[in-house]
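Engineer: Let me give you the structure first, and then I'll get to my questions.
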Amino acid sequence: MYEQIASNKRRSFFLILFFLGLIFLLAWLFEQLAGMGTEGLIAAFIIAFAMTIGSYYASDKIVLAMSKARPVEKKDYPYLYNVVEGLAIAAGLPKPRCYVIDDSAPNAFATGRNPKNSVIVVTTGLLEKMNRVELEGVIAHEMSHIKNYDVLVQTLTVVMVGVVALLSDWMLRTFWWGGGRVRKVGRGRGGSKAGGSSAGAIIVVVGLILAILSPLIAQLIRFAVSRRREFLADASGAMLTRYPPGLASALRKIAADREPLEVANKATAHLYIVNPLKDMGGAVNKLFSTHPPIEERIAALERM
Amino acid sequence: MGGMLVLLVIIGVVVVAAIGIYNGLIVLRNRCENAWSQVDVQLRRRYDLIPNLIETVKGYARHEREVFEKVTQARAQAINASTVKEQAQAENMLTGALKTLFAVAENYPDLKANQNFLLLQEELAGTESKIAYARQFYNDMVMKYNQKQQVFPANIIANMFRFKERDYFEIEEAAAREPVKVAF
């Protein structure tokens with residue numbers, strides 16, 4: 001359990017480091033090609049940040065409205081409240097607000113930019129179909145997302161995807177419109193030594209390839225980070241309940257449930273404890289998935 | 001002169017390190033106290049629920065006097081406990097007594113259908129698991145605090161300023177994991 005938590009943290013850290021590396025490589029190439037690497041990087045960062053900052057602060061409200069969740073009170077759902085309060089105590093966090101979605105498909109998610117503003121959302125189906133131990137497992141998973149600041153991590157990766165997309169877009173535009181500039185690479189700020197033109201040609205080719213591929217790579221890293229955070233939330237959730245089989249059996253039940261969650265869509269699917277769109281399977285699909293396959297998650301829980 | 005300076009630097013470093021360790025110990029001690037008060041809040045919540053529960057059950061099972069007395073007595077003992085160890089013992093007794101009460105309630109179908117009883121039962125189950133979680137959090141904190149006092153060089157500071165190791169809040173295995181169940 002402790003090792004899994006540590007290894008998941010380490011791996012998401014390296015993924016983000018790798019992401020930063022990609023961004024700097026792109027910026028460097030942009031510098032070589034158009035002499036605007038630094039300016040480009042700063043501009044791309046500001047734009048991507050500005051686009052995301054709103055969603056960071058309003059994320060909970062937007063998501064709650066999109067998924068038609070309604071706030072509930074303790075007297076209506078004493079069972080849910082008791083479980084949430086208990087796990088907040090276990091995690092040493094303030095109690096998140098509780099919301100319910102009226103849908104018979106069992107699922108849950110957590111949102112909110114920090115523990116003080118956090119919300120835990122469950123479907124009525126989850127409350128009906130889980131026993132107490134399973135519900136505790138699910139809520140512990142969500143509580144761990146809150147404790148690990150996963151909304152922040154997610155926002156961070158979305159900003160980075162944005163930066164990469166903008167940078168590569170600008171690079172492609174430079175190729176398209178600024179052919180003259182590109183040809184000057186050999187004498188540019190980057191390489192003034194002899195043989196610069198062949199080095200310049202390589203840079204142009206690499207730059208072109210990266211400009212085309214990097215948005216895709218960026219998305220893939222983002223998904224990989226997301227999957228890592230799911231594993232992390234499973235492991236630290238098990239740490240809270242000290243009972244991994246509870247969450248494992250809940251995951252099994254949710255995966256076996258064939259009912260679709262009507263309010264979920266592509267924009268919110270990544271939030272839920274189990275992908276509500278249920279389009280899993282296949283190696284390519286796995287790479288583009290925000291969630292690890294259920295079987296792998298259950299296997300990881302059973303190893304604890 | 002140079003030697004003097006080196007000595008001063010060494011003393012300075014040691015003093016700063018000692019202050020750091022001392023403050024770290026204080027922080028951990030406060031965290032333990034805070035964690036304990038969390039446990040206490042939940043324990044108190046359970047004490048508050050019990051008289052209500054007994055009243056409700058009495059309405060249906062008047063002659064089960066023995067059980068009621070046992071629960072009331074265990075509750076009083078738990079409320080008066082002063083040390084963590086005493087508390088743990090008293091809580092074990094209380095949990096056991098409550099189990100018997102719910103087992104007895106099984107024999108009264110009318111009681112089992114009573115809305116108030118069901119609500120109280122859910123509240124108690126919820127509180128029991130909250131006690132378990134708060135206890136777990138407290139024990140984790142105690143482990144960190146005690147460990148900090150045992151490792152070198154913090155143990156020197158801990159001894160010097162008479163920091164004491166805290167007791168874990170231990171509850172019997174069976175009672176700890178499972179919330180009170182009605183079916184036996």
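Every chain in the structure tokens has a letter given in the order shown (A, B, ...), and although residue numbers restart at 1 in each chain, ligands are simply numbered from 1 in the order shown.
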Write out as a PyMOL selection string every residue belonging to chain B that has an atom at most 9 Å from any atom of chain A, counting only C-alpha atoms.

Structural biologist: chain B and resi 35+38+119+122-123+125-127+129-138

Engineer: Output N, CA and C atoms of each residue in that selection to a file, as a PDB file, in the first residue's frame.

Structural biologist:
```
ATOM      1  N   ALA B  35      -6.112  15.343  17.120  1.00  0.00           N
ATOM      2  CA  ALA B  35      -6.677  14.068  16.657  1.00  0.00           C
ATOM      3  C   ALA B  35      -7.489  13.415  17.773  1.00  0.00           C
ATOM      4  N   GLN B  38     -10.823  14.873  18.110  1.00  0.00           N
ATOM      5  CA  GLN B  38     -11.723  14.331  17.080  1.00  0.00           C
ATOM      6  C   GLN B  38     -12.358  13.019  17.551  1.00  0.00           C
ATOM      7  N   LEU B 119     -33.483   4.919  12.288  1.00  0.00           N
ATOM      8  CA  LEU B 119     -32.660   6.126  12.171  1.00  0.00           C
ATOM      9  C   LEU B 119     -31.536   6.117  13.201  1.00  0.00           C
ATOM     10  N   GLU B 122     -28.884   3.667  12.270  1.00  0.00           N
ATOM     11  CA  GLU B 122     -27.985   4.196  11.238  1.00  0.00           C
ATOM     12  C   GLU B 122     -27.024   5.213  11.857  1.00  0.00           C
ATOM     13  N   GLU B 123     -27.553   6.068  12.726  1.00  0.00           N
ATOM     14  CA  GLU B 123     -26.702   7.067  13.366  1.00  0.00           C
ATOM     15  C   GLU B 123     -25.600   6.396  14.180  1.00  0.00           C
ATOM     16  N   ALA B 125     -24.424   3.313  13.808  1.00  0.00           N
ATOM     17  CA  ALA B 125     -23.480   2.637  12.916  1.00  0.00           C
ATOM     18  C   ALA B 125     -22.523   3.664  12.324  1.00  0.00           C
ATOM     19  N   GLY B 126     -23.085   4.806  11.890  1.00  0.00           N
ATOM     20  CA  GLY B 126     -22.248   5.871  11.330  1.00  0.00           C
ATOM     21  C   GLY B 126     -21.246   6.370  12.349  1.00  0.00           C
ATOM     22  N   THR B 127     -21.719   6.582  13.577  1.00  0.00           N
ATOM     23  CA  THR B 127     -20.831   7.079  14.620  1.00  0.00           C
ATOM     24  C   THR B 127     -19.743   6.063  14.947  1.00  0.00           C
ATOM     25  N   SER B 129     -18.393   3.948  12.919  1.00  0.00           N
ATOM     26  CA  SER B 129     -17.330   3.950  11.922  1.00  0.00           C
ATOM     27  C   SER B 129     -16.530   5.245  11.989  1.00  0.00           C
ATOM     28  N   LYS B 130     -17.191   6.331  12.390  1.00  0.00           N
ATOM     29  CA  LYS B 130     -16.439   7.578  12.568  1.00  0.00           C
ATOM     30  C   LYS B 130     -15.445   7.449  13.717  1.00  0.00           C
ATOM     31  N   ILE B 131     -15.873   6.773  14.782  1.00  0.00           N
ATOM     32  CA  ILE B 131     -14.946   6.528  15.893  1.00  0.00           C
ATOM     33  C   ILE B 131     -13.754   5.748  15.366  1.00  0.00           C
ATOM     34  N   ALA B 132     -14.039   4.726  14.541  1.00  0.00           N
ATOM     35  CA  ALA B 132     -12.944   3.902  14.007  1.00  0.00           C
ATOM     36  C   ALA B 132     -11.989   4.745  13.173  1.00  0.00           C
ATOM     37  N   TYR B 133     -12.545   5.630  12.333  1.00  0.00           N
ATOM     38  CA  TYR B 133     -11.687   6.463  11.486  1.00  0.00           C
ATOM     39  C   TYR B 133     -10.898   7.477  12.299  1.00  0.00           C
ATOM     40  N   ALA B 134     -11.577   8.087  13.265  1.00  0.00           N
ATOM     41  CA  ALA B 134     -10.900   9.079  14.094  1.00  0.00           C
ATOM     42  C   ALA B 134      -9.789   8.408  14.896  1.00  0.00           C
ATOM     43  N   ARG B 135     -10.061   7.190  15.335  1.00  0.00           N
ATOM     44  CA  ARG B 135      -9.096   6.414  16.094  1.00  0.00           C
ATOM     45  C   ARG B 135      -7.876   6.106  15.217  1.00  0.00           C
ATOM     46  N   GLN B 136      -8.145   5.710  13.998  1.00  0.00           N
ATOM     47  CA  GLN B 136      -7.081   5.401  13.047  1.00  0.00           C
ATOM     48  C   GLN B 136      -6.198   6.632  12.808  1.00  0.00           C
ATOM     49  N   PHE B 137      -6.853   7.785  12.620  1.00  0.00           N
ATOM     50  CA  PHE B 137      -6.129   9.024  12.391  1.00  0.00           C
ATOM     51  C   PHE B 137      -5.301   9.381  13.626  1.00  0.00           C
ATOM     52  N   TYR B 138      -5.915   9.221  14.789  1.00  0.00           N
ATOM     53  CA  TYR B 138      -5.212   9.499  16.049  1.00  0.00           C
ATOM     54  C   TYR B 138      -3.999   8.580  16.191  1.00  0.00           C
TER      55      TYR B 138
END
```

Engineer: So which bits of segment 95-229 of chain A end up alpha helix (DSSP H) when you DSSP the backbone, as an MDAnalysis selection string?

Structural biologist: chainID A and resid 124:129 132:147 150:177 179:183 196:229

Engineer: Identify, on the basis of only C-alpha atoms, every residue whose closest approach to segment 156-167 of chain B does not exceed 12 Å; exclude the query and any residue fewer than 6 positions from it along the same chain; express the result as a PyMOL selection string.

Structural biologist: chain B and resi 14-15+17-26+28-33+36+83-88+135+138-150

Engineer: Please save C-alpha atoms of the selected residues as a CSV table (one decimal), in the first residue's frame.

Structural biologist:
```csv
chain,number,residue,atom,x,y,z
B,14,VAL,CA,23.5,22.9,16.7
B,15,VAL,CA,21.2,25.4,18.4
B,17,ALA,CA,18.8,22.3,14.7
B,18,ALA,CA,17.7,21.8,18.3
B,19,ILE,CA,15.1,24.5,18.0
B,20,GLY,CA,13.9,22.9,14.8
B,21,ILE,CA,13.5,19.5,16.4
B,22,TYR,CA,11.9,21.0,19.5
B,23,ASN,CA,9.3,22.9,17.4
B,24,GLY,CA,8.7,19.8,15.3
B,25,LEU,CA,7.9,17.8,18.5
B,26,ILE,CA,5.5,20.5,19.6
B,28,LEU,CA,3.3,16.7,16.4
B,29,ARG,CA,2.1,16.8,20.0
B,30,ASN,CA,-0.5,19.4,19.1
B,31,ARG,CA,-1.6,17.3,16.2
B,32,CYS,CA,-2.0,14.3,18.5
B,33,GLU,CA,-4.1,16.4,20.8
B,36,TRP,CA,-7.7,12.9,20.1
B,83,THR,CA,-6.7,8.0,30.5
B,84,VAL,CA,-6.6,6.8,26.9
B,85,LYS,CA,-6.2,3.2,28.2
B,86,GLU,CA,-9.2,3.4,30.5
B,87,GLN,CA,-11.2,4.9,27.7
B,88,ALA,CA,-10.3,2.1,25.3
B,135,ARG,CA,-9.1,6.4,16.1
B,138,TYR,CA,-5.2,9.5,16.0
B,139,ASN,CA,-3.1,6.3,16.1
B,140,ASP,CA,-1.3,7.4,13.0
B,141,MET,CA,-0.5,10.8,14.6
B,142,VAL,CA,0.7,9.1,17.8
B,143,MET,CA,2.9,6.8,15.7
B,144,LYS,CA,4.6,9.8,14.1
B,145,TYR,CA,4.9,11.6,17.4
B,146,ASN,CA,6.4,8.6,19.3
B,147,GLN,CA,8.6,7.7,16.4
B,148,LYS,CA,10.0,11.2,16.3
B,149,GLN,CA,10.9,10.9,20.0
B,150,GLN,CA,12.7,7.6,19.5
```

Engineer: What does the distance from atom CA of Ala103 of chain B to atom CA of Glu128 of chain B come to in Å, to one decimal?

Structural biologist: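 Atom CA of Ala103 of chain B sits 16.5 Å away from atom CA of Glu128 of chain B.
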
Engineer: Can you list, as a VMD selection string, every protein, DNA or RNA residue that comes within 10 Å of Arg11 of chain A when you count only C-alpha atoms, leaving out same-chain residues fewer than 6 positions away?

Structural biologist: chain A and resid 17 224 to 225 228 to 229 232

Engineer: Can you spit out the residues from that selection as an mmCIF file, in the first residue's frame, using N, CA and C atoms?

Structural biologist:
```
data_model
loop_
_atom_site.group_PDB
_atom_site.id
_atom_site.type_symbol
_atom_site.label_atom_id
_atom_site.label_comp_id
_atom_site.auth_asym_id
_atom_site.auth_seq_id
_atom_site.Cartn_x
_atom_site.Cartn_y
_atom_site.Cartn_z
ATOM 1 N N LEU A 17 7.172 16.068 -15.394
ATOM 2 C CA LEU A 17 8.518 16.521 -15.743
ATOM 3 C C LEU A 17 8.761 16.323 -17.242
ATOM 4 N N ALA A 224 -2.079 9.714 -19.499
ATOM 5 C CA ALA A 224 -1.241 8.875 -18.636
ATOM 6 C C ALA A 224 -1.224 9.430 -17.215
ATOM 7 N N VAL A 225 -1.136 10.776 -17.101
ATOM 8 C CA VAL A 225 -1.172 11.388 -15.765
ATOM 9 C C VAL A 225 -2.499 11.054 -15.099
ATOM 10 N N ARG A 228 -2.594 7.587 -13.847
ATOM 11 C CA ARG A 228 -1.726 7.455 -12.663
ATOM 12 C C ARG A 228 -2.455 7.962 -11.426
ATOM 13 N N ARG A 229 -3.170 9.080 -11.591
ATOM 14 C CA ARG A 229 -3.877 9.664 -10.447
ATOM 15 C C ARG A 229 -5.027 8.757 -10.001
ATOM 16 N N LEU A 232 -3.430 6.174 -7.954
ATOM 17 C CA LEU A 232 -3.034 6.798 -6.687
ATOM 18 C C LEU A 232 -4.245 6.939 -5.765
#
```

Engineer: Quick one: residues within 10 Å of segment 254-257 of chain A, only C-alpha atoms counted, chain neighbours fewer than 3 positions away excluded, as a ChimeraX atom specification?

Structural biologist: /A:104-107,125-126,129-130,248-251,260,273-276,278,293-295

Engineer: Which polymer residues have any atom within 9 Å of an atom of Cys98 of chain A, counting only C-alpha atoms, with same-chain residues fewer than 4 positions away left out, as number ranges by chain?

Structural biologist: A: 70-74, 80-81, 84, 119-122

Engineer: To one decimal place in Å, what is the distance between atom CA of Leu29 of chain A and atom CA of Leu152 of chain A?

Structural biologist: 28.8 Å

Engineer: Please provide as a list in words all residues within 8 Å of Val159 of chain A, with the sequence filter that same-chain residues fewer than 2 positions apart are discarded (counting only C-alpha atoms).

Structural biologist: Phe45, Ala48, Phe49, Thr52, Thr155, Leu156, Thr157, Val161, Gly162 and Val163 of chain A

Engineer: Between A:Ile146, A:Ile203, A:Leu172, A:Val100, single out the one closest to Tyr77 of chain A, counting only C-alpha atoms.

Structural biologist: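 Of all the options, A:Val100 lies closest to Tyr77 of chain A.
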
Engineer: Restricting the calculation to only C-alpha atoms: of A:Lys286, A:Lys9, A:Arg97, A:His141, which residue gets closest to Ala69 of chain A?

Structural biologist: A:Arg97

Engineer: Enter the distance from atom CA of Pro115 of chain A to atom CA of Glu142 of chain A, in Å, rounded to one decimal.

Structural biologist: 11.4 Å

Engineer: Please build the interface table for segment 87-171 of chain B against segment 51-73 of chain B with a cut-off of 9 Å, listing for each qualifying residue the nearest atom pair and the distance in Å to one decimal; count only C-alpha atoms, order rows by chain and increasing number, and write it as CSV.

Structural biologist:
```
residue,atom,partner,partner_atom,distance
B:Met93,CA,B:Val71,CA,8.6
B:Leu94,CA,B:Val71,CA,6.3
B:Thr95,CA,B:Val71,CA,8.8
B:Gly96,CA,B:Val71,CA,8.7
B:Ala97,CA,B:Val71,CA,5.2
B:Leu98,CA,B:Val71,CA,6.4
B:Thr100,CA,B:Val67,CA,7.1
B:Leu101,CA,B:Val67,CA,6.1
B:Val104,CA,B:Glu64,CA,8.1
B:Ala105,CA,B:Val57,CA,7.2
B:Tyr108,CA,B:Tyr60,CA,7.2
B:Asp110,CA,B:Tyr60,CA,7.5
B:Leu111,CA,B:Tyr60,CA,6.1
B:Asn114,CA,B:Thr56,CA,8.8
B:Asn116,CA,B:Thr56,CA,7.6
B:Phe117,CA,B:Thr56,CA,6.5
B:Leu120,CA,B:Leu53,CA,6.5
B:Gln121,CA,B:Leu53,CA,8.2
```
